[in-house]
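Source file: my_file38.txt; contents: compact mmCIF, C-alpha atoms.
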```
# COMPACT_ATOMS: atom_id res chain seq x y z
CA MET A 184 60.18 -17.04 -85.35
CA LYS A 185 58.85 -20.55 -85.25
CA ASN A 186 59.93 -20.97 -81.59
CA TRP A 187 58.15 -17.78 -80.56
CA VAL A 188 54.88 -18.99 -82.07
CA SER A 189 55.20 -22.31 -80.24
CA ILE A 190 55.74 -20.61 -76.90
CA LEU A 191 52.68 -18.36 -77.45
CA ILE A 192 50.53 -21.37 -78.27
CA ILE A 193 51.69 -23.16 -75.10
CA VAL A 194 50.85 -20.13 -72.91
CA ILE A 195 47.39 -19.84 -74.43
CA LEU A 196 46.75 -23.53 -73.81
CA ILE A 197 47.83 -23.19 -70.17
CA LEU A 198 45.45 -20.25 -69.65
CA ILE A 199 42.62 -22.23 -71.20
CA VAL A 200 43.30 -25.19 -68.89
CA VAL A 201 43.40 -22.93 -65.80
CA ALA A 202 40.14 -21.27 -66.79
CA ILE A 203 38.46 -24.65 -67.32
CA GLY A 204 39.75 -25.78 -63.88
CA VAL A 205 38.39 -22.73 -62.09
CA PHE A 206 35.06 -23.12 -63.80
CA ALA A 207 34.85 -26.80 -62.89
CA PHE A 208 35.82 -26.07 -59.26
CA THR A 209 33.07 -23.48 -58.98
CA ILE A 210 30.46 -25.88 -60.33
CA LEU A 211 31.58 -28.67 -58.03
CA LYS A 212 31.56 -26.36 -54.99
CA LYS A 213 27.95 -25.46 -55.63
CA ASP A 214 26.92 -29.09 -55.87
CA THR A 215 28.96 -30.36 -52.90
CA PRO A 216 27.05 -30.58 -49.55
CA THR A 217 28.66 -28.56 -46.73
CA THR A 218 28.31 -28.59 -42.97
CA ASP A 219 26.66 -25.29 -41.89
CA THR A 220 28.06 -24.26 -38.53
CA THR A 221 24.99 -22.10 -37.93
CA ASP A 222 22.59 -25.06 -37.82
CA VAL A 223 23.00 -25.41 -34.04
CA ALA A 224 22.33 -21.72 -33.48
CA GLU A 225 19.22 -21.85 -35.66
CA GLU A 226 17.81 -24.60 -33.44
CA LEU A 227 17.91 -22.31 -30.36
CA ILE A 228 14.41 -20.91 -30.70
CA GLN A 229 13.43 -17.92 -28.58
CA PRO A 230 10.43 -18.31 -26.27
CA THR A 231 7.35 -16.15 -26.77
CA MET A 232 5.00 -14.45 -24.30
CA THR A 233 1.32 -13.59 -24.29
CA ILE A 234 0.34 -10.83 -21.86
CA SER A 235 -3.19 -9.82 -20.87
CA LYS A 236 -4.66 -7.34 -18.36
CA GLU A 237 -7.72 -7.40 -16.12
CA VAL A 238 -8.90 -4.27 -14.30
CA THR A 239 -10.26 -4.94 -10.79
CA GLU A 240 -11.54 -2.68 -8.01
CA ASN A 241 -8.07 -2.76 -6.42
CA GLY A 242 -5.85 -2.37 -9.49
CA VAL A 243 -4.83 -4.31 -12.59
CA ILE A 244 -3.95 -8.01 -12.73
CA ILE A 245 -1.39 -8.76 -15.46
CA THR A 246 -1.36 -12.38 -16.67
CA VAL A 247 1.76 -13.68 -18.43
CA GLU A 248 1.90 -16.94 -20.40
CA ALA A 249 5.27 -18.01 -21.84
CA VAL A 250 5.83 -20.72 -24.48
CA ALA A 251 9.17 -22.30 -25.44
CA GLY A 252 9.96 -23.59 -28.93
CA GLY A 253 10.41 -27.21 -29.97
CA GLU A 254 11.21 -29.60 -27.14
CA ASP A 255 12.46 -26.81 -24.87
CA GLU A 256 10.64 -25.63 -21.74
CA ILE A 257 10.23 -22.34 -19.89
CA SER A 258 12.58 -22.30 -16.91
CA SER A 259 11.39 -19.07 -15.26
CA ILE A 260 9.70 -15.71 -15.67
CA GLU A 261 11.28 -12.57 -14.25
CA LEU A 262 8.76 -10.06 -12.88
CA PRO A 263 9.00 -6.25 -12.95
CA ASP A 264 10.23 -6.24 -9.33
CA GLU A 265 13.12 -8.50 -10.44
CA THR A 266 11.86 -11.58 -8.61
CA SER A 267 11.71 -14.85 -10.55
CA ILE A 268 8.87 -17.33 -10.78
CA VAL A 269 9.68 -20.92 -11.73
CA ALA A 270 6.69 -21.43 -14.00
CA ASP A 271 5.48 -20.80 -17.54
CA THR A 272 2.53 -18.68 -16.44
CA THR A 273 2.03 -16.17 -13.65
CA THR A 274 0.01 -13.15 -12.55
CA TYR A 275 1.24 -9.80 -11.30
CA GLU A 276 -0.99 -7.24 -9.59
CA VAL A 277 -0.29 -3.51 -9.81
CA ASN A 278 -2.08 -0.45 -8.42
CA LYS A 279 -0.28 2.26 -10.36
CA ASN A 280 -0.16 3.24 -14.00
CA GLY A 281 3.17 2.67 -15.73
CA ASP A 282 5.29 0.31 -17.82
CA TYR A 283 5.87 -3.21 -16.49
CA THR A 284 8.54 -5.46 -18.04
CA PHE A 285 8.59 -9.28 -17.98
CA THR A 286 11.31 -11.65 -19.22
CA ALA A 287 10.80 -15.35 -19.97
CA PHE A 288 13.77 -17.75 -19.95
CA SER A 289 13.91 -21.04 -21.87
CA THR A 290 15.88 -24.14 -20.88
CA ASN A 291 17.96 -23.67 -24.05
CA GLY A 292 19.35 -20.42 -22.67
CA GLU A 293 17.28 -18.15 -24.90
CA SER A 294 14.96 -15.46 -23.52
CA CYS A 295 12.41 -12.88 -24.60
CA THR A 296 11.34 -9.60 -22.99
CA GLU A 297 7.98 -7.86 -23.25
CA THR A 298 6.73 -4.61 -21.71
CA VAL A 299 3.07 -3.91 -21.00
CA THR A 300 1.69 -0.44 -20.28
CA VAL A 301 -0.98 0.03 -17.61
CA SER A 302 -2.94 3.24 -18.08
CA GLU A 303 -6.42 2.20 -16.98
CA LEU A 304 -6.15 3.28 -13.34
CA GLU A 305 -7.25 6.60 -11.95
CA GLU A 306 -4.31 8.53 -10.55
CA VAL A 307 -3.89 8.24 -6.78
CA SER A 308 -4.92 11.45 -5.02
CA SER A 309 -6.66 12.75 -1.93
CA LYS A 310 -9.88 12.88 -3.97
CA ASN A 311 -9.56 9.28 -5.14
CA PRO A 312 -9.61 7.06 -2.03
CA TYR A 313 -8.41 3.49 -2.39
CA MET A 314 -10.93 0.80 -1.45
CA PRO A 315 -9.48 -1.88 0.86
CA LYS A 316 -10.39 -5.47 0.03
CA GLY A 317 -13.54 -6.61 1.79
CA PHE A 318 -14.99 -3.09 2.08
CA LYS A 319 -17.78 -1.35 0.22
CA GLU A 320 -18.85 2.26 -0.21
CA VAL A 321 -21.51 3.54 2.18
CA GLY A 322 -21.72 7.15 1.03
CA GLY A 323 -20.30 10.63 1.32
CA GLU A 324 -17.70 12.52 -0.69
CA PRO A 325 -13.90 12.36 -0.32
CA ASP A 326 -13.62 16.01 0.68
CA SER A 327 -16.37 15.91 3.30
CA GLY A 328 -16.63 12.39 4.70
CA TYR A 329 -16.42 9.35 2.42
CA VAL A 330 -17.56 6.29 4.40
CA ILE A 331 -16.68 2.64 3.80
CA GLU A 332 -17.88 -0.49 5.60
CA ASP A 333 -16.72 -4.10 5.90
CA ASP A 334 -18.91 -7.20 6.02
CA PHE A 335 -19.20 -6.98 9.82
CA GLY A 336 -20.41 -3.38 9.97
CA ASN A 337 -17.13 -1.67 10.82
CA GLN A 338 -17.14 1.82 9.31
CA TYR A 339 -14.23 4.12 8.49
CA VAL A 340 -14.07 7.64 7.04
CA TRP A 341 -11.53 8.83 4.46
CA VAL A 342 -9.36 11.75 5.61
CA PRO A 343 -7.89 13.45 2.52
CA VAL A 344 -4.36 14.81 2.82
CA GLU A 345 -3.69 16.68 -0.41
CA SER A 346 -0.07 17.46 0.45
CA GLY A 347 0.74 13.89 1.47
CA LYS A 348 2.09 15.25 4.78
CA LEU A 349 0.39 14.80 8.15
CA THR A 350 0.06 17.55 10.75
CA ARG A 351 1.29 17.36 14.35
CA ASP A 352 0.71 20.33 16.63
CA THR A 353 3.30 19.29 19.25
CA MET A 354 6.09 18.73 16.72
CA LEU A 355 8.29 21.46 18.26
CA ASN A 356 7.35 20.74 21.88
CA THR A 357 10.09 18.60 23.45
CA GLU A 358 7.72 17.38 26.17
CA TYR A 359 5.87 15.33 23.55
CA GLU A 360 7.18 12.48 21.46
CA GLU A 361 5.72 10.21 18.77
CA THR A 362 7.73 7.03 18.24
CA ASP A 363 4.99 4.45 17.74
CA SER A 364 5.60 2.17 14.75
CA GLY A 365 1.98 2.53 13.68
CA ALA A 366 2.36 6.31 13.59
CA THR A 367 5.45 5.98 11.40
CA ALA A 368 3.72 3.52 9.07
CA LEU A 369 0.80 5.92 8.71
CA VAL A 370 3.11 8.80 7.78
CA ASN A 371 4.68 6.65 5.04
CA SER A 372 1.29 5.47 3.78
CA VAL A 373 -0.14 8.98 3.50
CA ALA A 374 2.92 10.09 1.54
CA GLN A 375 1.99 7.45 -1.03
CA TYR A 376 -1.81 7.48 -1.00
CA TYR A 377 -2.62 11.09 0.07
CA GLY A 378 -5.02 10.13 2.83
CA PHE A 379 -6.05 7.54 5.40
CA TYR A 380 -9.19 6.20 7.07
CA ILE A 381 -10.24 7.05 10.61
CA ALA A 382 -12.71 4.92 12.56
CA ARG A 383 -16.10 6.58 12.25
CA PHE A 384 -16.98 5.51 15.79
CA GLU A 385 -15.19 5.23 19.10
CA ALA A 386 -13.89 1.68 19.55
CA SER A 387 -16.29 -0.87 20.99
CA GLN A 388 -16.04 -4.53 21.93
CA PHE A 389 -17.13 -7.17 19.43
CA GLU A 390 -17.09 -10.93 19.91
CA LYS A 391 -15.62 -12.73 16.92
CA ASP A 392 -14.59 -16.38 16.79
CA GLY A 393 -14.94 -16.64 20.53
CA LYS A 394 -12.78 -13.67 21.49
CA ILE A 395 -13.25 -9.97 22.10
CA VAL A 396 -11.86 -7.68 19.37
CA ALA A 397 -11.88 -3.92 18.75
CA ALA A 398 -14.53 -2.64 16.35
CA SER A 399 -15.82 0.61 14.83
CA MET A 400 -19.57 0.06 14.74
CA ALA A 401 -22.61 2.29 15.00
CA GLY A 402 -24.75 2.29 18.12
CA LYS A 403 -22.21 0.45 20.31
CA THR A 404 -21.18 1.56 23.77
CA PRO A 405 -17.54 2.70 23.70
CA TRP A 406 -14.90 0.39 25.15
CA THR A 407 -13.77 2.21 28.30
CA ALA A 408 -11.69 1.46 31.40
CA ILE A 409 -8.85 0.29 29.14
CA ASN A 410 -5.22 1.36 29.47
CA SER A 411 -3.21 2.69 26.54
CA LEU A 412 -1.06 -0.43 26.15
CA ASP A 413 -4.14 -2.60 25.65
CA ALA A 414 -5.70 0.04 23.39
CA ILE A 415 -2.61 -0.08 21.18
CA SER A 416 -2.59 -3.88 21.14
CA TYR A 417 -6.29 -4.31 20.32
CA SER A 418 -6.12 -1.59 17.66
CA VAL A 419 -3.21 -3.22 15.84
CA ALA A 420 -4.85 -6.66 16.03
CA SER A 421 -8.21 -5.49 14.66
CA ALA A 422 -7.20 -5.78 10.98
CA GLY A 423 -6.16 -9.39 11.41
CA ASP A 424 -9.15 -10.20 13.60
CA PHE A 425 -11.51 -9.09 10.83
CA GLY A 426 -9.44 -10.64 8.03
CA TYR A 427 -8.30 -7.49 6.22
CA GLU A 428 -5.88 -8.48 3.45
CA ASP A 429 -4.35 -5.29 2.10
CA CYS A 430 -4.51 -2.78 4.93
CA GLN A 431 -3.66 -2.44 8.60
CA THR A 432 -5.14 -0.86 11.69
CA ALA A 433 -3.54 1.03 14.56
CA LEU A 434 -4.41 3.24 17.51
CA ILE A 435 -4.86 6.83 16.42
CA SER A 436 -1.64 8.86 16.66
CA SER A 437 -0.99 12.55 17.27
CA PHE A 438 -0.38 12.90 13.52
CA ALA A 439 -3.77 11.43 12.67
CA TRP A 440 -5.69 13.31 15.38
CA ASP A 441 -4.29 16.74 14.52
CA THR A 442 -4.69 16.16 10.77
CA VAL A 443 -8.34 15.20 11.25
CA LEU A 444 -9.02 18.34 13.35
CA GLU A 445 -7.35 20.55 10.75
CA TRP A 446 -9.56 19.01 8.05
CA VAL A 447 -12.76 19.32 10.11
CA ASN A 448 -11.98 22.96 10.93
CA ASN A 449 -12.21 23.77 7.21
CA LYS A 450 -15.95 23.07 7.33
CA TYR A 451 -16.80 23.58 11.00
CA THR A 452 -15.13 26.83 12.02
CA ASN A 453 -13.08 26.50 15.22
CA TYR A 454 -14.46 23.00 15.86
CA SER A 455 -11.23 21.90 17.51
CA SER A 456 -11.06 24.81 19.96
CA ASN A 457 -14.56 24.96 21.50
CA THR A 458 -16.99 22.80 23.46
CA ASN A 459 -20.13 23.39 21.42
CA TYR A 460 -20.27 19.91 19.88
CA GLY A 461 -19.46 17.12 22.30
CA ASN A 462 -21.49 15.08 24.74
CA TYR A 463 -20.67 16.48 28.19
CA SER A 464 -23.95 15.38 29.77
CA GLY A 465 -22.47 13.10 32.41
CA THR A 466 -23.69 9.97 30.62
CA VAL A 467 -21.68 8.00 28.04
CA TYR A 468 -23.89 7.26 25.05
CA PRO A 469 -23.45 4.71 22.24
CA SER A 470 -21.03 6.12 19.67
CA GLY A 471 -22.87 8.19 17.07
CA TYR A 472 -25.76 9.08 19.38
CA THR A 473 -24.81 12.77 19.77
CA GLU A 474 -26.01 14.37 16.55
CA GLN A 475 -24.11 17.66 16.91
CA ASP A 476 -20.84 15.76 17.24
CA ASN A 477 -21.11 14.12 13.82
CA VAL A 478 -18.62 16.13 11.76
CA ASN A 479 -17.52 15.04 8.28
CA ASN A 480 -19.27 11.76 9.16
CA ILE A 481 -16.92 11.18 12.12
CA CYS A 482 -18.67 10.74 15.46
CA ASP A 483 -17.74 11.88 18.98
CA LEU A 484 -14.34 13.46 18.45
CA ALA A 485 -15.17 16.19 20.95
CA GLY A 486 -16.90 14.41 23.81
CA ASN A 487 -18.57 11.21 25.05
CA VAL A 488 -15.26 9.55 26.05
CA ARG A 489 -11.71 10.87 26.05
CA GLU A 490 -9.48 8.90 23.70
CA TRP A 491 -6.00 7.44 24.08
CA THR A 492 -3.41 8.20 21.41
CA THR A 493 0.05 6.76 20.82
CA GLU A 494 1.77 10.06 21.63
CA ILE A 495 4.11 10.08 24.65
CA TYR A 496 4.16 12.89 27.19
CA LYS A 497 7.60 13.32 28.74
CA GLU A 498 7.20 15.23 31.97
CA THR A 499 10.22 17.16 33.14
CA GLN A 500 11.88 15.82 36.28
CA THR A 501 10.66 18.81 38.30
CA LYS A 502 7.07 17.85 37.48
CA LYS A 503 7.48 14.14 38.15
CA ASN A 504 7.18 12.41 41.48
CA ARG A 505 10.17 10.28 42.32
CA ASP A 506 7.97 7.19 42.39
CA GLU A 507 7.01 7.83 38.74
CA GLU A 508 10.49 8.23 37.27
CA ASN A 509 10.14 5.13 35.09
CA THR A 510 6.48 5.67 34.18
CA ILE A 511 5.64 6.35 30.54
CA SER A 512 2.74 8.71 30.00
CA ARG A 513 0.50 8.66 26.94
CA VAL A 514 -1.67 11.48 25.66
CA VAL A 515 -5.45 11.45 26.00
CA ARG A 516 -7.32 13.72 23.57
CA GLY A 517 -10.69 15.49 23.62
CA GLY A 518 -13.33 15.58 26.31
CA SER A 519 -15.76 13.12 27.86
CA ALA A 520 -19.23 12.98 29.33
CA THR A 521 -17.74 14.21 32.62
CA ALA A 522 -14.98 16.50 31.27
CA SER A 523 -15.89 19.49 29.14
CA ARG A 524 -12.71 19.68 27.05
CA THR A 525 -12.17 20.80 23.47
CA PRO A 526 -11.37 18.25 20.76
CA ALA A 527 -7.81 19.61 20.61
CA ALA A 528 -7.23 19.17 24.35
CA HIS A 529 -4.47 16.72 25.23
CA THR A 530 -3.22 15.56 28.61
CA GLY A 531 -0.60 13.01 29.58
CA TYR A 532 -1.45 10.15 31.93
CA PRO A 533 0.47 6.99 32.93
CA GLU A 534 -0.02 4.47 30.13
CA SER A 535 -1.24 1.82 32.60
CA MET A 536 -4.00 4.07 33.93
CA THR A 537 -7.68 3.41 33.22
CA ASP A 538 -10.85 5.43 33.61
CA PRO A 539 -14.54 4.64 32.97
CA TYR A 540 -14.70 7.74 30.76
CA TRP A 541 -11.62 7.00 28.64
CA GLY A 542 -11.71 4.98 25.43
CA PHE A 543 -9.89 4.86 22.09
CA ARG A 544 -10.27 5.05 18.31
CA MET A 545 -8.54 3.31 15.41
CA VAL A 546 -7.17 4.29 12.01
CA LEU A 547 -6.99 2.10 8.90
CA PHE A 548 -4.44 2.47 6.08
CA LYS A 549 -2.37 0.60 3.50
```

Just give me the structure of the file as structure tokens.
Amino acid sequence: MKNWVSILIIVILILIVVAIGVFAFTILKKDTPTTDTTDVAEELIQPTMTISKEVTENGVIITVEAVAGGEDEISSIELPDETSIVADTTTYEVNKNGDYTFTAFSTNGESCTETVTVSELEEVSSKNPYMPKGFKEVGGEPDSGYVIEDDFGNQYVWVPVESGKLTRDTMLNTEYEETDSGATALVNSVAQYYGFYIARFEASQFEKDGKIVAASMAGKTPWTAINSLDAISYSVASAGDFGYEDCQTALISSFAWDTVLEWVNNKYTNYSSNTNYGNYSGTVYPSGYTEQDNVNNICDLAGNVREWTTEIYKETQTKKNRDEENTISRVVRGGSATASRTPAAHTGYPESMTDPYWGFRMVLFK
């Protein structure tokens, strides 16, 4: 009996010692400094971004300013179009409503992403013409002849295309072809902006910086005796000659001509198919002189001078002379002071041919 009591006492003492040891270990662990493996991670501070918006006449300018933490620096900013700018601040211009996402990267490998919503812009439509940089509003309404003008006096008229699709009357006629790059660019632009600008006046010569350039100005004598190749070249160059930044110019195409006539016909019944409007007097007047041929604020589509287009006329071999087998013909539209033709009239002539009663007209688009 005495041995059993001794053993019990020993076991109790052992348990007491173990309990005291555990308690002491716990206290010591709390007081002992430890190395926190997360310290390094906590030092990797994420960058931050400040985003602001400014509404302009051409869209919205988004300004992004990124700041890195501590001694780190911003290495780059990724723009919504996935291009990267090596800077800590940048601007990004948009012309459509929507969400635009930016990501800033720090030299420590951290990044932050912010999305800004642009909702301030009017929706693009045929009734909401865009205003090219350097132009101002002259007057008129989008559905009946909205006119804009640059600092030099060049005037263009908005042609609304509600469907976003241009018209071409010879689309199914294999004798006609439209392959000009300007015509293709116009088709793509209209699909996005639901309209384009046509020169209000027949093209005239204008001296700028010591050279002759193509213009669309009131009261100027049309530029005639010019072949189609030169008309194309001068039309394309006009935007650059006048310093346009966000739009281009081109010689009017079959798409543009037929679309304009379809639009004008909505207000002036059968305008395209009669000779009641144009100047067929025998004398070429300054563009805009003939009052009855001012339709939807566009002057001289019917008469005054016939106008080159980019459309190609492919004569069949039976119609061609052998000497002209390699000659490309371009289409001339409308009538002139000496040719009583309807605005819709189109005839193919060798592209190198000139005539004192033939001129041209430009279009302007993004």

**Prompt:** Mind pulling up the distance from CA of Thr525 in chain A to CA of Thr350 in chain A?
**Reply:**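 These two atoms are separated by 17.9 Å.
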
Work out where the centre of an axis-aligned box around every listed atom of range 448-467 of chain A lies and how long its edges are once 5 Å is added on each side; give both in Å to one decimal as lines of an AutoDock Vina configuration file.
```
center_x = -17.5
center_y = 17.4
center_z = 19.8
size_x = 22.9
size_y = 28.8
size_z = 35.2
```

Using only C-alpha atoms, I'd like a table of the residues in range 355-375 of chain A that come within 12 Å of range 488-494 of chain A; for each, show the closest atom pair and its distance in Å rounded to one decimal, ordered by chain and ascending number, as JSON lines.
```
{"residue": "A:Glu358", "atom": "CA", "partner": "A:Glu494", "partner_atom": "CA", "distance": 10.5}
{"residue": "A:Tyr359", "atom": "CA", "partner": "A:Glu494", "partner_atom": "CA", "distance": 6.9}
{"residue": "A:Glu360", "atom": "CA", "partner": "A:Glu494", "partner_atom": "CA", "distance": 5.9}
{"residue": "A:Glu361", "atom": "CA", "partner": "A:Glu494", "partner_atom": "CA", "distance": 4.9}
{"residue": "A:Thr362", "atom": "CA", "partner": "A:Glu494", "partner_atom": "CA", "distance": 7.5}
{"residue": "A:Asp363", "atom": "CA", "partner": "A:Thr493", "partner_atom": "CA", "distance": 6.3}
{"residue": "A:Ser364", "atom": "CA", "partner": "A:Thr493", "partner_atom": "CA", "distance": 9.4}
{"residue": "A:Gly365", "atom": "CA", "partner": "A:Thr493", "partner_atom": "CA", "distance": 8.5}
{"residue": "A:Ala366", "atom": "CA", "partner": "A:Thr493", "partner_atom": "CA", "distance": 7.6}
{"residue": "A:Thr367", "atom": "CA", "partner": "A:Thr493", "partner_atom": "CA", "distance": 10.9}
```

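One finds CA of Thr473 in chain A at 25.2 Å from CA of Tyr417 in chain A.
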
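Candidate residues A:Glu332, A:Glu445, A:Glu324, A:Asn356 were compared for distance to Val344 in chain A, and the nearest is A:Glu445, using all atoms listed in the file.
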
**Prompt:** Excluding same-chain residues fewer than 4 positions from Phe285 in chain A, what lies within 7 Å of it counting all atoms listed in the file, as a PyMOL selection string?
**Reply:** chain A and resi 260-263+296-298

**Message:** So, with all atoms listed in the file as the atoms that count, which of A:Ala520, A:Ser267, A:Thr272, A:Gly252 lies closest to Ile234 in chain A?
**Reply:**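 Selected residue with least distance to Ile234 in chain A: A:Thr272.
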
Tell me which protein, DNA and RNA residues are within 12 Å of Gly426 in chain A, counting only C-alpha atoms, leaving out same-chain ones fewer than 3 positions away, and put them as an mmCIF file with C-alpha atoms, in the coordinates of the input.
```
data_model
loop_
_atom_site.group_PDB
_atom_site.id
_atom_site.type_symbol
_atom_site.label_atom_id
_atom_site.label_comp_id
_atom_site.auth_asym_id
_atom_site.auth_seq_id
_atom_site.Cartn_x
_atom_site.Cartn_y
_atom_site.Cartn_z
ATOM 1 C CA PRO A 315 -9.480 -1.880 0.860
ATOM 2 C CA LYS A 316 -10.390 -5.470 0.030
ATOM 3 C CA GLY A 317 -13.540 -6.610 1.790
ATOM 4 C CA PHE A 318 -14.990 -3.090 2.080
ATOM 5 C CA ASP A 333 -16.720 -4.100 5.900
ATOM 6 C CA ASP A 334 -18.910 -7.200 6.020
ATOM 7 C CA PHE A 335 -19.200 -6.980 9.820
ATOM 8 C CA LYS A 391 -15.620 -12.730 16.920
ATOM 9 C CA ASP A 392 -14.590 -16.380 16.790
ATOM 10 C CA VAL A 396 -11.860 -7.680 19.370
ATOM 11 C CA ALA A 420 -4.850 -6.660 16.030
ATOM 12 C CA SER A 421 -8.210 -5.490 14.660
ATOM 13 C CA ALA A 422 -7.200 -5.780 10.980
ATOM 14 C CA GLY A 423 -6.160 -9.390 11.410
ATOM 15 C CA ASP A 429 -4.350 -5.290 2.100
ATOM 16 C CA CYS A 430 -4.510 -2.780 4.930
ATOM 17 C CA GLN A 431 -3.660 -2.440 8.600
ATOM 18 C CA THR A 432 -5.140 -0.860 11.690
#
```

**Request:** Rank A:Ser470, A:Asn241, A:Gln375, A:Asn453 by their smallest atom-to-atom distance to Gly402 in chain A, using all atoms listed in the file, and report the top residue only.
**Result:**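 Of A:Ser470, A:Asn241, A:Gln375, A:Asn453, the one nearest Gly402 in chain A is A:Ser470, counting all atoms listed in the file.
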
**Item:** Nearest candidate to Val321 in chain A (options A:Val419, A:Ile409, A:Val243, A:Asn480; using all atoms listed in the file)
**Value:**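 Using all atoms listed in the file, the shortest distance to Val321 in chain A belongs to A:Asn480.
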
Kindly write N, CA and C atoms of range 334-350 of chain A from the structure just given to a file, as an mmCIF file, in the first residue's frame.
```
data_model
loop_
_atom_site.group_PDB
_atom_site.id
_atom_site.type_symbol
_atom_site.label_atom_id
_atom_site.label_comp_id
_atom_site.auth_asym_id
_atom_site.auth_seq_id
_atom_site.Cartn_x
_atom_site.Cartn_y
_atom_site.Cartn_z
ATOM 1 N N ASP A 334 -10.065 77.095 -92.094
ATOM 2 C CA ASP A 334 -9.550 78.460 -91.938
ATOM 3 C C ASP A 334 -9.232 79.142 -93.266
ATOM 4 N N PHE A 335 -9.189 78.365 -94.357
ATOM 5 C CA PHE A 335 -8.843 78.929 -95.662
ATOM 6 C C PHE A 335 -10.081 79.216 -96.520
ATOM 7 N N GLY A 336 -11.247 78.774 -96.047
ATOM 8 C CA GLY A 336 -12.465 78.988 -96.809
ATOM 9 C C GLY A 336 -12.951 77.783 -97.569
ATOM 10 N N ASN A 337 -12.288 76.640 -97.420
ATOM 11 C CA ASN A 337 -12.780 75.411 -98.040
ATOM 12 C C ASN A 337 -14.062 74.977 -97.337
ATOM 13 N N GLN A 338 -15.086 74.667 -98.112
ATOM 14 C CA GLN A 338 -16.367 74.253 -97.534
ATOM 15 C C GLN A 338 -16.762 72.854 -97.999
ATOM 16 N N TYR A 339 -17.308 72.088 -97.059
ATOM 17 C CA TYR A 339 -17.775 70.732 -97.323
ATOM 18 C C TYR A 339 -19.161 70.553 -96.719
ATOM 19 N N VAL A 340 -19.936 69.650 -97.317
ATOM 20 C CA VAL A 340 -21.316 69.406 -96.883
ATOM 21 C C VAL A 340 -21.457 67.962 -96.405
ATOM 22 N N TRP A 341 -22.071 67.785 -95.256
ATOM 23 C CA TRP A 341 -22.291 66.457 -94.680
ATOM 24 C C TRP A 341 -23.351 65.698 -95.472
ATOM 25 N N VAL A 342 -23.021 64.466 -95.865
ATOM 26 C CA VAL A 342 -23.975 63.587 -96.542
ATOM 27 C C VAL A 342 -24.329 62.468 -95.571
ATOM 28 N N PRO A 343 -25.523 62.485 -94.990
ATOM 29 C CA PRO A 343 -25.889 61.451 -94.008
ATOM 30 C C PRO A 343 -26.173 60.119 -94.695
ATOM 31 N N VAL A 344 -25.687 59.058 -94.088
ATOM 32 C CA VAL A 344 -25.946 57.706 -94.605
ATOM 33 C C VAL A 344 -26.429 56.875 -93.422
ATOM 34 N N GLU A 345 -27.716 56.881 -93.196
ATOM 35 C CA GLU A 345 -28.295 56.278 -91.994
ATOM 36 C C GLU A 345 -27.978 54.796 -91.867
ATOM 37 N N SER A 346 -27.924 54.095 -92.993
ATOM 38 C CA SER A 346 -27.656 52.656 -92.969
ATOM 39 C C SER A 346 -26.180 52.329 -92.785
ATOM 40 N N GLY A 347 -25.307 53.304 -93.019
ATOM 41 C CA GLY A 347 -23.873 53.055 -92.964
ATOM 42 C C GLY A 347 -23.356 52.376 -94.218
ATOM 43 N N LYS A 348 -24.207 52.257 -95.249
ATOM 44 C CA LYS A 348 -23.818 51.584 -96.494
ATOM 45 C C LYS A 348 -24.021 52.533 -97.674
ATOM 46 N N LEU A 349 -22.980 52.695 -98.487
ATOM 47 C CA LEU A 349 -23.056 53.569 -99.648
ATOM 48 C C LEU A 349 -23.768 52.887 -100.811
ATOM 49 N N THR A 350 -24.286 53.706 -101.707
ATOM 50 C CA THR A 350 -24.984 53.224 -102.900
ATOM 51 C C THR A 350 -24.044 53.270 -104.103
#
```
